[in-house]
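The block underneath contains the structure these notes are about, expressed in structure tokens.
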Amino acid sequence: MSIIVKAEGPSGPAKIRSDDPKHALGLAQYLRTIGYNAWIEDTNGNAIDEKALQMAIRSQEDAPSS
């Protein structure tokens, strides 16, 4: 699943595509720490709830591997 991290900040807009939800979440959080207004969208432009994404990542990490 591709996710797009979008941000507006001091250097202008940014748009970064990632196939790794954990990376996208970390990137959005990092961009906020350096002064950007960042959010995560799916490839159709719909906003993704970051708390739900974080919970999904945790449940995958906690799932027993086969």
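Residue names in the structure tokens use chain letters A, B, ... in the order shown, residue numbers from 1 in each chain, and ligand numbers from 1 in the order shown.
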
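Residues in contact with range 24-36 of chain A at up to 9 Å, not including ones fewer than 4 positions away on its chain and judged by only C-alpha atoms, are A:Ile3, A:Ile4, A:Val5, A:Lys6, A:Ala7, A:Glu8, A:Gly9, A:Pro10, A:Ser11, A:Pro13, A:Ile16, A:Arg17, A:Ser18, A:Asp19, A:Asp20, A:Ile40, A:Glu50, A:Leu53, A:Gln54.
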
Keeping only all heavy atoms, write those residues as a compact mmCIF listing (two decimals), in the first residue's frame.
# COMPACT_ATOMS: atom_id res chain seq x y z
N ILE A 3 1.58 5.14 0.50
CA ILE A 3 1.10 6.24 1.34
C ILE A 3 1.88 7.48 0.92
O ILE A 3 3.06 7.40 0.58
CB ILE A 3 1.36 5.93 2.83
CG1 ILE A 3 0.56 4.72 3.26
CG2 ILE A 3 1.01 7.12 3.69
CD1 ILE A 3 0.86 4.27 4.66
N ILE A 4 1.21 8.61 0.95
CA ILE A 4 1.88 9.86 0.58
C ILE A 4 1.91 10.78 1.79
O ILE A 4 0.88 11.04 2.42
CB ILE A 4 1.16 10.54 -0.60
CG1 ILE A 4 1.17 9.61 -1.81
CG2 ILE A 4 1.80 11.88 -0.92
CD1 ILE A 4 0.30 10.06 -2.95
N VAL A 5 3.11 11.23 2.12
CA VAL A 5 3.28 12.22 3.19
C VAL A 5 3.36 13.57 2.50
O VAL A 5 4.20 13.77 1.63
CB VAL A 5 4.56 11.95 4.01
CG1 VAL A 5 4.73 13.02 5.08
CG2 VAL A 5 4.54 10.57 4.62
N LYS A 6 2.46 14.47 2.87
CA LYS A 6 2.47 15.82 2.31
C LYS A 6 2.78 16.80 3.42
O LYS A 6 2.41 16.58 4.58
CB LYS A 6 1.13 16.16 1.66
CG LYS A 6 0.87 15.38 0.39
CD LYS A 6 -0.37 15.87 -0.30
CE LYS A 6 -0.55 15.21 -1.64
NZ LYS A 6 -1.77 15.70 -2.31
N ALA A 7 3.44 17.88 3.07
CA ALA A 7 3.81 18.88 4.08
C ALA A 7 3.94 20.25 3.44
O ALA A 7 4.27 20.38 2.27
CB ALA A 7 5.13 18.49 4.74
N GLU A 8 3.66 21.24 4.24
CA GLU A 8 3.87 22.65 3.87
C GLU A 8 4.75 23.25 4.95
O GLU A 8 4.50 23.06 6.14
CB GLU A 8 2.54 23.41 3.84
CG GLU A 8 1.59 22.98 2.76
CD GLU A 8 1.92 23.59 1.41
OE1 GLU A 8 2.65 24.60 1.36
OE2 GLU A 8 1.45 23.04 0.40
N GLY A 9 5.80 23.94 4.53
CA GLY A 9 6.68 24.50 5.53
C GLY A 9 7.55 25.62 5.02
O GLY A 9 7.31 26.15 3.93
N PRO A 10 8.57 25.95 5.79
CA PRO A 10 9.44 27.09 5.48
C PRO A 10 10.09 27.02 4.10
O PRO A 10 10.31 28.04 3.47
CB PRO A 10 10.50 27.05 6.58
CG PRO A 10 9.95 26.18 7.65
CD PRO A 10 8.96 25.28 7.01
N SER A 11 10.39 25.82 3.64
CA SER A 11 11.04 25.68 2.33
C SER A 11 10.06 25.41 1.22
O SER A 11 10.46 25.13 0.10
CB SER A 11 12.06 24.54 2.39
OG SER A 11 13.04 24.80 3.35
N PRO A 13 6.32 23.39 -0.27
CA PRO A 13 5.60 22.12 -0.12
C PRO A 13 6.51 20.91 -0.35
O PRO A 13 7.50 20.99 -1.06
CB PRO A 13 4.52 22.21 -1.20
CG PRO A 13 5.09 23.12 -2.23
CD PRO A 13 5.96 24.10 -1.49
N ILE A 16 6.04 13.15 -0.43
CA ILE A 16 6.92 11.98 -0.38
C ILE A 16 6.07 10.73 -0.36
O ILE A 16 5.21 10.57 0.49
CB ILE A 16 7.83 12.04 0.85
CG1 ILE A 16 8.62 13.34 0.85
CG2 ILE A 16 8.76 10.83 0.90
CD1 ILE A 16 8.87 13.92 2.19
N ARG A 17 6.33 9.83 -1.31
CA ARG A 17 5.60 8.56 -1.39
C ARG A 17 6.40 7.48 -0.66
O ARG A 17 7.61 7.40 -0.77
CB ARG A 17 5.40 8.16 -2.84
CG ARG A 17 4.60 6.89 -3.03
CD ARG A 17 4.44 6.54 -4.49
NE ARG A 17 3.77 7.59 -5.24
CZ ARG A 17 2.48 7.58 -5.54
NH1 ARG A 17 1.73 6.60 -5.15
NH2 ARG A 17 1.96 8.57 -6.23
N SER A 18 5.68 6.63 0.09
CA SER A 18 6.32 5.54 0.81
C SER A 18 5.43 4.31 0.76
O SER A 18 4.21 4.41 0.80
CB SER A 18 6.56 5.94 2.27
OG SER A 18 7.11 4.85 2.98
N ASP A 19 6.05 3.14 0.68
CA ASP A 19 5.32 1.88 0.75
C ASP A 19 5.36 1.30 2.16
O ASP A 19 4.81 0.23 2.40
CB ASP A 19 5.90 0.86 -0.24
CG ASP A 19 5.62 1.25 -1.68
OD1 ASP A 19 4.56 1.86 -1.94
OD2 ASP A 19 6.44 0.95 -2.56
N ASP A 20 6.02 2.00 3.06
CA ASP A 20 6.17 1.53 4.43
C ASP A 20 5.42 2.47 5.38
O ASP A 20 5.86 3.60 5.61
CB ASP A 20 7.66 1.50 4.79
CG ASP A 20 7.94 1.02 6.20
OD1 ASP A 20 6.98 0.71 6.95
OD2 ASP A 20 9.12 0.95 6.56
N ILE A 40 -0.74 12.72 6.26
CA ILE A 40 -0.58 11.50 5.47
C ILE A 40 -1.87 11.26 4.70
O ILE A 40 -2.97 11.39 5.23
CB ILE A 40 -0.27 10.30 6.38
CG1 ILE A 40 1.04 10.55 7.15
CG2 ILE A 40 -0.15 9.02 5.55
CD1 ILE A 40 1.36 9.48 8.18
N GLU A 50 -3.80 9.06 11.57
CA GLU A 50 -2.48 8.62 12.03
C GLU A 50 -2.56 7.72 13.25
O GLU A 50 -1.75 6.81 13.41
CB GLU A 50 -1.58 9.82 12.28
CG GLU A 50 -1.22 10.52 10.98
CD GLU A 50 -0.27 11.68 11.18
OE1 GLU A 50 0.63 11.60 12.05
OE2 GLU A 50 -0.42 12.68 10.45
N LEU A 53 -3.43 4.35 11.97
CA LEU A 53 -2.25 3.80 11.29
C LEU A 53 -1.25 3.28 12.31
O LEU A 53 -0.70 2.19 12.16
CB LEU A 53 -1.61 4.88 10.41
CG LEU A 53 -0.41 4.46 9.58
CD1 LEU A 53 -0.74 3.34 8.62
CD2 LEU A 53 0.14 5.66 8.82
N GLN A 54 -1.03 4.04 13.36
CA GLN A 54 -0.10 3.63 14.42
C GLN A 54 -0.58 2.35 15.10
O GLN A 54 0.22 1.45 15.36
CB GLN A 54 0.04 4.76 15.43
CG GLN A 54 1.25 4.65 16.32
CD GLN A 54 1.49 5.95 17.08
OE1 GLN A 54 0.54 6.64 17.46
NE2 GLN A 54 2.74 6.27 17.30

Please return as a compact mmCIF listing (two decimals) with C-alpha atoms, in the first residue's frame: the residues of chain A that backbone DSSP assigns to helix (DSSP H, G or I).
# COMPACT_ATOMS: atom_id res chain seq x y z
CA PRO A 21 3.49 2.88 6.80
CA LYS A 22 5.93 3.00 9.73
CA HIS A 23 8.37 5.09 7.69
CA ALA A 24 5.61 7.43 6.53
CA LEU A 25 4.40 7.98 10.10
CA GLY A 26 7.93 8.68 11.34
CA LEU A 27 8.56 11.04 8.45
CA ALA A 28 5.40 13.05 9.15
CA GLN A 29 6.35 13.32 12.81
CA TYR A 30 9.89 14.42 11.92
CA LEU A 31 8.66 17.05 9.47
CA ARG A 32 6.49 18.52 12.23
CA THR A 33 9.50 18.81 14.53
CA GLU A 50 -2.48 8.62 12.03
CA LYS A 51 -3.66 7.09 15.30
CA ALA A 52 -5.38 4.26 13.41
CA LEU A 53 -2.25 3.80 11.29
CA GLN A 54 -0.10 3.63 14.42
CA MET A 55 -2.42 1.03 15.96
CA ALA A 56 -2.30 -1.06 12.77
CA ILE A 57 1.52 -0.93 12.77
CA ARG A 58 1.63 -2.04 16.41
CA SER A 59 -0.79 -4.91 15.82
CA GLN A 60 1.38 -6.15 12.93
CA GLU A 61 4.52 -5.92 15.07
CA ASP A 62 2.81 -7.80 17.92

Every residue of chain A that DSSP places in strand (DSSP E or B), as a list of chain:residue names: A:Ile3, A:Ile4, A:Val5, A:Lys6, A:Ala7, A:Glu8, A:Gly9, A:Gly12, A:Pro13, A:Ala14, A:Lys15, A:Ile16, A:Arg17, A:Ser18, A:Asn37, A:Ala38, A:Trp39, A:Ile40, A:Glu41, A:Asp42, A:Ala47

For C-alpha atoms, I'd like the residues from the last selection saved as a CSV table (one decimal), in the first residue's frame.
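The result, stored in out19.csv:
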chain,number,residue,atom,x,y,z
A,3,ILE,CA,1.1,6.2,1.3
A,4,ILE,CA,1.9,9.9,0.6
A,5,VAL,CA,3.3,12.2,3.2
A,6,LYS,CA,2.5,15.8,2.3
A,7,ALA,CA,3.8,18.9,4.1
A,8,GLU,CA,3.9,22.6,3.9
A,9,GLY,CA,6.7,24.5,5.5
A,12,GLY,CA,7.8,25.2,0.5
A,13,PRO,CA,5.6,22.1,-0.1
A,14,ALA,CA,6.8,18.5,0.1
A,15,LYS,CA,5.3,15.3,-1.2
A,16,ILE,CA,6.9,12.0,-0.4
A,17,ARG,CA,5.6,8.6,-1.4
A,18,SER,CA,6.3,5.5,0.8
A,37,ASN,CA,2.6,21.1,8.8
A,38,ALA,CA,2.6,17.5,7.7
A,39,TRP,CA,-0.2,14.9,7.0
A,40,ILE,CA,-0.6,11.5,5.5
A,41,GLU,CA,-2.8,10.6,2.6
A,42,ASP,CA,-3.6,7.5,0.5
A,47,ALA,CA,-6.5,11.7,4.7
